[in-house]
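Undergrad: Sharing input36.pdb below, PDB, C-alpha atoms:
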ATOM      1  CA  MET A   1      84.585 198.512  50.589
ATOM      2  CA  GLU A   2      87.390 197.211  48.410
ATOM      3  CA  GLN A   3      85.573 193.935  47.738
ATOM      4  CA  THR A   4      82.424 195.810  46.717
ATOM      5  CA  ALA A   5      84.402 198.078  44.418
ATOM      6  CA  ASN A   6      85.985 195.055  42.763
ATOM      7  CA  ARG A   7      82.550 193.553  42.109
ATOM      8  CA  GLN A   8      81.365 196.783  40.554
ATOM      9  CA  ASN A   9      84.403 196.869  38.272
ATOM     10  CA  ILE A  10      83.329 193.621  36.590
ATOM     11  CA  ARG A  11      81.615 194.517  33.342
ATOM     12  CA  GLU A  12      78.309 192.902  32.458
ATOM     13  CA  LYS A  13      79.827 191.220  29.389
ATOM     14  CA  ASP A  14      82.569 189.763  31.552
ATOM     15  CA  LEU A  15      79.936 188.161  33.772
ATOM     16  CA  PHE A  16      78.921 186.024  30.795
ATOM     17  CA  VAL A  17      82.534 184.951  30.323
ATOM     18  CA  TYR A  18      82.809 183.961  33.980
ATOM     19  CA  ALA A  19      79.465 182.153  33.795
ATOM     20  CA  ARG A  20      80.644 180.092  30.831
ATOM     21  CA  SER A  21      83.849 179.226  32.675
ATOM     22  CA  PHE A  22      81.905 177.956  35.696
ATOM     23  CA  ARG A  23      79.635 175.960  33.384
ATOM     24  CA  LYS A  24      82.638 174.409  31.644
ATOM     25  CA  ALA A  25      84.126 173.396  34.987
ATOM     26  CA  ALA A  26      80.768 171.973  36.114
ATOM     27  CA  LYS A  27      80.452 169.863  32.960
ATOM     28  CA  THR A  28      83.977 168.553  33.401
ATOM     29  CA  LEU A  29      83.423 167.590  37.032
ATOM     30  CA  ALA A  30      79.999 166.092  36.320
ATOM     31  CA  GLY A  31      81.570 164.043  33.548
ATOM     32  CA  ALA A  32      84.181 162.723  35.961
ATOM     33  CA  LEU A  33      81.450 161.628  38.380
ATOM     34  CA  GLN A  34      79.585 159.901  35.564
ATOM     35  CA  LEU A  35      82.656 157.806  34.830
ATOM     36  CA  ASP A  36      83.039 156.798  38.479
ATOM     37  CA  ALA A  37      81.322 153.484  39.136
ATOM     38  CA  THR A  38      80.973 154.077  42.872
ATOM     39  CA  VAL A  39      77.867 155.492  44.517
ATOM     40  CA  PHE A  40      78.061 159.263  44.783
ATOM     41  CA  SER A  41      77.941 160.858  48.195
ATOM     42  CA  GLU A  42      76.363 164.193  48.977
ATOM     43  CA  CYS A  43      79.844 165.695  49.204
ATOM     44  CA  ASP A  44      80.752 164.411  45.735
ATOM     45  CA  VAL A  45      77.742 166.089  44.123
ATOM     46  CA  SER A  46      78.011 169.361  46.050
ATOM     47  CA  PRO A  47      80.798 170.960  43.922
ATOM     48  CA  VAL A  48      78.869 170.227  40.728
ATOM     49  CA  VAL A  49      75.764 171.893  42.146
ATOM     50  CA  PHE A  50      77.822 174.872  43.307
ATOM     51  CA  LEU A  51      79.454 175.406  39.912
ATOM     52  CA  TYR A  52      76.195 175.133  37.968
ATOM     53  CA  ARG A  53      74.329 177.301  40.454
ATOM     54  CA  HIS A  54      76.994 179.994  40.291
ATOM     55  CA  ALA A  55      76.987 179.879  36.490
ATOM     56  CA  VAL A  56      73.219 180.462  36.526
ATOM     57  CA  GLU A  57      73.611 183.298  39.051
ATOM     58  CA  LEU A  58      76.190 185.085  36.897
ATOM     59  CA  HIS A  59      74.115 184.625  33.734
ATOM     60  CA  LEU A  60      71.060 186.111  35.433
ATOM     61  CA  LYS A  61      73.069 189.066  36.749
ATOM     62  CA  ALA A  62      74.503 189.716  33.305
ATOM     63  CA  LEU A  63      71.010 189.710  31.788
ATOM     64  CA  VAL A  64      69.638 192.137  34.366
ATOM     65  CA  LEU A  65      72.631 194.483  34.367
ATOM     66  CA  GLY A  66      73.075 194.304  30.606
ATOM     67  CA  GLU A  67      70.628 195.039  27.812
ATOM     68  CA  GLY A  68      67.783 193.361  29.685
ATOM     69  CA  GLY A  69      67.641 196.133  32.254
ATOM     70  CA  ASN A  70      66.953 198.636  29.481
ATOM     71  CA  PHE A  71      63.491 197.156  28.984
ATOM     72  CA  LEU A  72      62.412 197.654  32.605
ATOM     73  CA  ALA A  73      60.486 200.715  33.714
ATOM     74  CA  THR A  74      62.967 201.106  36.570
ATOM     75  CA  LYS A  75      66.410 199.555  36.469
ATOM     76  CA  PRO A  76      67.325 197.481  39.526
ATOM     77  CA  ASP A  77      69.930 198.844  41.896
ATOM     78  CA  THR A  78      73.316 197.732  40.554
ATOM     79  CA  LEU A  79      74.916 197.230  43.965
ATOM     80  CA  SER A  80      71.996 195.097  45.134
ATOM     81  CA  ILE A  81      72.300 192.917  42.047
ATOM     82  CA  TYR A  82      76.012 192.380  42.585
ATOM     83  CA  LYS A  83      75.605 191.576  46.284
ATOM     84  CA  THR A  84      72.741 189.089  46.070
ATOM     85  CA  HIS A  85      73.139 185.327  45.737
ATOM     86  CA  SER A  86      69.411 184.691  45.342
ATOM     87  CA  VAL A  87      68.873 183.237  41.887
ATOM     88  CA  SER A  88      65.124 183.258  42.577
ATOM     89  CA  TRP A  89      65.090 187.051  42.991
ATOM     90  CA  LEU A  90      67.216 187.534  39.890
ATOM     91  CA  ALA A  91      64.932 185.205  37.939
ATOM     92  CA  GLN A  92      61.892 187.278  38.916
ATOM     93  CA  ILE A  93      63.504 190.320  37.308
ATOM     94  CA  VAL A  94      64.346 188.340  34.183
ATOM     95  CA  CYS A  95      60.707 187.206  34.016
ATOM     96  CA  GLN A  96      59.625 190.852  34.128
ATOM     97  CA  ILE A  97      61.860 191.533  31.125
ATOM     98  CA  ILE A  98      60.465 188.547  29.216
ATOM     99  CA  THR A  99      56.877 189.615  29.991
ATOM    100  CA  THR A 100      57.534 193.219  28.952
ATOM    101  CA  LEU A 101      58.833 192.040  25.587
ATOM    102  CA  LYS A 102      56.002 189.485  25.255
ATOM    103  CA  TRP A 103      58.488 186.668  24.725
ATOM    104  CA  GLU A 104      56.647 184.186  26.923
ATOM    105  CA  ASN A 105      55.960 181.781  24.039
ATOM    106  CA  GLU A 106      59.602 181.714  22.934
ATOM    107  CA  PHE A 107      61.139 181.493  26.398
ATOM    108  CA  LYS A 108      61.450 177.744  26.762
ATOM    109  CA  CYS A 109      63.877 174.866  26.435
ATOM    110  CA  GLU A 110      64.121 171.198  27.340
ATOM    111  CA  GLY A 111      62.517 170.785  30.742
ATOM    112  CA  ILE A 112      61.138 174.350  30.764
ATOM    113  CA  GLU A 113      57.879 174.877  28.897
ATOM    114  CA  ASN A 114      57.123 178.460  29.931
ATOM    115  CA  VAL A 115      57.991 181.290  32.315
ATOM    116  CA  ALA A 116      56.277 179.498  35.203
ATOM    117  CA  GLY A 117      58.405 176.424  34.557
ATOM    118  CA  PHE A 118      61.506 178.594  34.504
ATOM    119  CA  LYS A 119      60.626 179.974  37.931
ATOM    120  CA  VAL A 120      60.112 176.470  39.327
ATOM    121  CA  VAL A 121      63.499 175.224  38.115
ATOM    122  CA  VAL A 122      65.331 178.290  39.405
ATOM    123  CA  ASP A 123      63.511 178.181  42.751
ATOM    124  CA  GLU A 124      64.587 174.561  43.183
ATOM    125  CA  LEU A 125      68.154 175.483  42.301
ATOM    126  CA  ASN A 126      68.003 178.341  44.799
ATOM    127  CA  SER A 127      66.729 176.020  47.530
ATOM    128  CA  VAL A 128      69.736 173.689  47.447
ATOM    129  CA  ASP A 129      71.598 176.254  49.544
ATOM    130  CA  PRO A 130      70.042 179.743  49.863
ATOM    131  CA  GLY A 131      72.944 180.872  52.045
ATOM    132  CA  SER A 132      75.611 179.809  49.537
ATOM    133  CA  TYR A 133      77.516 177.590  51.957
ATOM    134  CA  VAL A 134      77.410 173.848  51.262
ATOM    135  CA  PHE A 135      75.163 173.424  48.184
ATOM    136  CA  ARG A 136      73.655 170.155  49.300
ATOM    137  CA  LEU A 137      71.508 168.218  46.911
ATOM    138  CA  PRO A 138      69.120 165.592  48.360
ATOM    139  CA  ILE A 139      70.559 162.136  47.710
ATOM    140  CA  SER A 140      68.508 158.965  47.702
ATOM    141  CA  ASP A 141      69.666 155.528  48.791
ATOM    142  CA  GLU A 142      70.319 154.697  45.137
ATOM    143  CA  GLY A 143      72.792 157.553  44.862
ATOM    144  CA  LYS A 144      70.453 159.737  42.846
ATOM    145  CA  ASP A 145      69.286 163.250  43.526
ATOM    146  CA  SER A 146      65.686 164.404  43.800
ATOM    147  CA  PHE A 147      66.128 167.740  42.042
ATOM    148  CA  ALA A 148      63.320 169.176  39.927
ATOM    149  CA  GLY A 149      59.773 168.297  40.763
ATOM    150  CA  GLY A 150      60.585 165.490  43.140
ATOM    151  CA  GLY A 151      61.715 163.148  40.356
ATOM    152  CA  LYS A 152      64.933 161.211  40.824
ATOM    153  CA  LEU A 153      67.703 162.354  38.495
ATOM    154  CA  THR A 154      71.175 161.037  37.918
ATOM    155  CA  ILE A 155      74.067 163.479  37.974
ATOM    156  CA  ARG A 156      74.077 163.183  34.174
ATOM    157  CA  GLU A 157      70.441 164.283  34.017
ATOM    158  CA  PHE A 158      71.031 167.134  36.460
ATOM    159  CA  ALA A 159      73.938 168.407  34.349
ATOM    160  CA  ARG A 160      71.882 168.085  31.157
ATOM    161  CA  ARG A 161      69.021 170.136  32.597
ATOM    162  CA  MET A 162      71.389 172.803  33.876
ATOM    163  CA  ASP A 163      73.070 172.987  30.470
ATOM    164  CA  ALA A 164      69.668 173.480  28.831
ATOM    165  CA  LEU A 165      68.831 176.268  31.294
ATOM    166  CA  LEU A 166      72.150 178.012  30.691
ATOM    167  CA  GLU A 167      71.743 177.734  26.926
ATOM    168  CA  LEU A 168      68.306 179.339  27.273
ATOM    169  CA  LEU A 169      69.823 182.245  29.222
ATOM    170  CA  ASP A 170      72.642 182.537  26.708
ATOM    171  CA  SER A 171      70.296 182.721  23.707
ATOM    172  CA  THR A 172      68.065 185.164  25.590
ATOM    173  CA  ALA A 173      71.053 187.444  26.171
ATOM    174  CA  ASP A 174      71.831 187.420  22.443
ATOM    175  CA  ALA A 175      68.200 188.206  21.595
ATOM    176  CA  LEU A 176      68.100 191.067  24.111
ATOM    177  CA  ALA A 177      71.292 192.568  22.698
ATOM    178  CA  ALA A 178      69.949 192.397  19.139
ATOM    179  CA  THR A 179      66.579 193.831  20.160
ATOM    180  CA  TRP A 180      68.126 196.713  22.093
ATOM    181  CA  ASP A 181      70.485 197.497  19.200
ATOM    182  CA  MET A 182      67.547 197.690  16.807
ATOM    183  CA  HIS A 183      65.560 199.787  19.285
ATOM    184  CA  SER A 184      68.479 202.195  19.726
ATOM    185  CA  LYS A 185      68.761 202.666  15.970
ATOM    186  CA  GLU A 186      65.026 203.361  15.726
ATOM    187  CA  LEU A 187      65.320 205.967  18.491
ATOM    188  CA  ALA A 188      68.254 207.611  16.719
ATOM    189  CA  ILE A 189      66.287 207.809  13.463
ATOM    190  CA  GLU A 190      63.261 209.241  15.278
ATOM    191  CA  ALA A 191      65.435 211.827  17.023
ATOM    192  CA  ALA A 192      67.027 212.863  13.748
ATOM    193  CA  TRP A 193      63.597 213.221  12.154
ATOM    194  CA  ASN A 194      62.260 215.330  15.023
ATOM    195  CA  ASN A 195      65.310 217.597  15.103
ATOM    196  CA  THR A 196      65.205 218.402  11.418
ATOM    197  CA  GLY A 197      61.483 218.287  10.781
ATOM    198  CA  GLY A 198      62.159 215.519   8.309
ATOM    199  CA  PHE A 199      65.115 214.057   6.485
ATOM    200  CA  GLU A 200      67.156 216.442   4.388
ATOM    201  CA  PRO A 201      68.747 215.239   1.160
ATOM    202  CA  PRO A 202      72.491 214.653   1.460
ATOM    203  CA  ILE A 203      74.719 217.576   0.507
ATOM    204  CA  GLN A 204      76.268 217.074  -2.916
TER     205      GLN A 204
END
Show this structure as structure tokens.
TA:
Amino acid sequence: MEQTANRQNIREKDLFVYARSFRKAAKTLAGALQLDATVFSECDVSPVVFLYRHAVELHLKALVLGEGGNFLATKPDTLSIYKTHSVSWLAQIVCQIITTLKWENEFKCEGIENVAGFKVVVDELNSVDPGSYVFRLPISDEGKDSFAGGGKLTIREFARRMDALLELLDSTADALAATWDMHSKELAIEAAWNNTGGFEPPIQ
């Protein structure tokens, strides 16, 4: 119970901070592997995958629990969101938010052309270790991974694609916050109008 309570005490905005910290660590470690001239083993790549995957998970949770959840007809159960490690399930909820706001055309980045492409990338990231244990990434004989559509990527390419995905989630969070702020102001104006039967001139 104590562990669950601690998770619930983490504010949605703090999840973004943690996500950025995991991303920073992932970039640093990936950069160290890029400088190593030896062939990477599965164990070498695993921590990089873990850090990027966890950064994506925290970003998705922050989107769903933050302003993004305000645009859903029914908000997801908070405890369920905190407890899950399925980035695919979290991504489905984010896609619902994007569809509700009709942002499908804007929701894209390098390597992700649309919502369907977003789902594919996240599903592949989820599949590297659904149980959150080892975070294996398939390694070829040439020391390259086969992440994303079966194509062979270097660790540099994997990190670049993950950075693009995280930047997309980051910019989406900013857009959701701005949109909800504007929507809240519109609701406040409408409520004031309905309560007074119209705007009254200011008292002199």
Undergrad: So the first atom is atom CA of A:Ser80 and the second is atom CA of A:His54; what is the distance between them in Å, to one decimal place?
TA: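 We find that atom CA of A:Ser80 and atom CA of A:His54 lie 16.6 Å from each other.
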Undergrad: Can you list, as an mmCIF file with C-alpha atoms, keeping the file's coordinate frame, every protein, DNA or RNA residue that comes within 10 Å of A:Gly68 when you count all atoms listed in the file, leaving out same-chain residues fewer than 4 positions away?
TA:
data_model
loop_
_atom_site.group_PDB
_atom_site.id
_atom_site.type_symbol
_atom_site.label_atom_id
_atom_site.label_comp_id
_atom_site.auth_asym_id
_atom_site.auth_seq_id
_atom_site.Cartn_x
_atom_site.Cartn_y
_atom_site.Cartn_z
ATOM 1 C CA LEU A 60 71.060 186.111 35.433
ATOM 2 C CA LYS A 61 73.069 189.066 36.749
ATOM 3 C CA ALA A 62 74.503 189.716 33.305
ATOM 4 C CA LEU A 63 71.010 189.710 31.788
ATOM 5 C CA VAL A 64 69.638 192.137 34.366
ATOM 6 C CA LEU A 72 62.412 197.654 32.605
ATOM 7 C CA LYS A 75 66.410 199.555 36.469
ATOM 8 C CA ILE A 93 63.504 190.320 37.308
ATOM 9 C CA VAL A 94 64.346 188.340 34.183
ATOM 10 C CA GLN A 96 59.625 190.852 34.128
ATOM 11 C CA ILE A 97 61.860 191.533 31.125
ATOM 12 C CA ILE A 98 60.465 188.547 29.216
ATOM 13 C CA LEU A 101 58.833 192.040 25.587
ATOM 14 C CA THR A 172 68.065 185.164 25.590
ATOM 15 C CA ALA A 173 71.053 187.444 26.171
ATOM 16 C CA ALA A 175 68.200 188.206 21.595
ATOM 17 C CA LEU A 176 68.100 191.067 24.111
ATOM 18 C CA ALA A 177 71.292 192.568 22.698
ATOM 19 C CA THR A 179 66.579 193.831 20.160
ATOM 20 C CA TRP A 180 68.126 196.713 22.093
#
Undergrad: Tell me which residues the PyMOL selection byres ((chain A and resi 19) around 9) grabs here, as a list in words.
TA: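 In the shown coordinates, the PyMOL selection byres ((chain A and resi 19) around 9) covers Asp14, Leu15, Phe16, Val17, Tyr18, Arg20, Ser21, Phe22, Arg23, Lys24, Tyr52, His54, Ala55, Val56, Glu57, Leu58, His59 and Leu166 of chain A.
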Undergrad: So which residues touch A:Thr99 within 12 Å, counting all atoms listed in the file, skipping near sequence neighbours fewer than 3 positions away, as a PyMOL selection string?
TA: chain A and resi 68+71-72+92-96+102-107+114-116
Undergrad: To verify the selection step, state as a CSV table (one decimal) with C-alpha atoms, in the frame of the given file which residues the PyMOL selection byres ((chain A and resi 53) around 12) yields on this input.
TA:
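New file out29.csv:
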chain,number,residue,atom,x,y,z
A,19,ALA,CA,79.5,182.2,33.8
A,20,ARG,CA,80.6,180.1,30.8
A,22,PHE,CA,81.9,178.0,35.7
A,23,ARG,CA,79.6,176.0,33.4
A,25,ALA,CA,84.1,173.4,35.0
A,26,ALA,CA,80.8,172.0,36.1
A,46,SER,CA,78.0,169.4,46.0
A,47,PRO,CA,80.8,171.0,43.9
A,48,VAL,CA,78.9,170.2,40.7
A,49,VAL,CA,75.8,171.9,42.1
A,50,PHE,CA,77.8,174.9,43.3
A,51,LEU,CA,79.5,175.4,39.9
A,52,TYR,CA,76.2,175.1,38.0
A,54,HIS,CA,77.0,180.0,40.3
A,55,ALA,CA,77.0,179.9,36.5
A,56,VAL,CA,73.2,180.5,36.5
A,57,GLU,CA,73.6,183.3,39.1
A,58,LEU,CA,76.2,185.1,36.9
A,59,HIS,CA,74.1,184.6,33.7
A,60,LEU,CA,71.1,186.1,35.4
A,85,HIS,CA,73.1,185.3,45.7
A,86,SER,CA,69.4,184.7,45.3
A,87,VAL,CA,68.9,183.2,41.9
A,88,SER,CA,65.1,183.3,42.6
A,121,VAL,CA,63.5,175.2,38.1
A,122,VAL,CA,65.3,178.3,39.4
A,123,ASP,CA,63.5,178.2,42.8
A,124,GLU,CA,64.6,174.6,43.2
A,125,LEU,CA,68.2,175.5,42.3
A,126,ASN,CA,68.0,178.3,44.8
A,127,SER,CA,66.7,176.0,47.5
A,128,VAL,CA,69.7,173.7,47.4
A,129,ASP,CA,71.6,176.3,49.5
A,130,PRO,CA,70.0,179.7,49.9
A,132,SER,CA,75.6,179.8,49.5
A,133,TYR,CA,77.5,177.6,52.0
A,134,VAL,CA,77.4,173.8,51.3
A,135,PHE,CA,75.2,173.4,48.2
A,136,ARG,CA,73.7,170.2,49.3
A,137,LEU,CA,71.5,168.2,46.9
A,158,PHE,CA,71.0,167.1,36.5
A,159,ALA,CA,73.9,168.4,34.3
A,161,ARG,CA,69.0,170.1,32.6
A,162,MET,CA,71.4,172.8,33.9
A,163,ASP,CA,73.1,173.0,30.5
A,165,LEU,CA,68.8,176.3,31.3
A,166,LEU,CA,72.2,178.0,30.7
Undergrad: Would you work out the distance separating atom CA of A:Ala164 from atom CA of A:Cys109, expressed in Å to one decimal?
TA: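 Computing it gives 6.4 Å between the two atoms.
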Undergrad: Using Å and a single decimal, report how far atom CA of A:Leu65 sits from atom CA of A:Glu12.
TA: 6.2 Å
Undergrad: Between A:Lys108, A:Lys119, A:Arg156, A:His183, which has the minimum distance to A:Gly31 (counting only C-alpha atoms)?
TA: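 Comparing A:Lys108, A:Lys119, A:Arg156, A:His183 against A:Gly31, the winner is A:Arg156.
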Undergrad: Taking all atoms of stretch 85-95 of chain A that the file lists and extending 3 Å past them on each side, where is the centre of the axis-aligned box and how long are its edges? Answer in Å to one decimal, as JSON.
TA:
{"center_x": 66.9, "center_y": 186.8, "center_z": 39.9, "size_x": 18.4, "size_y": 13.1, "size_z": 17.7}
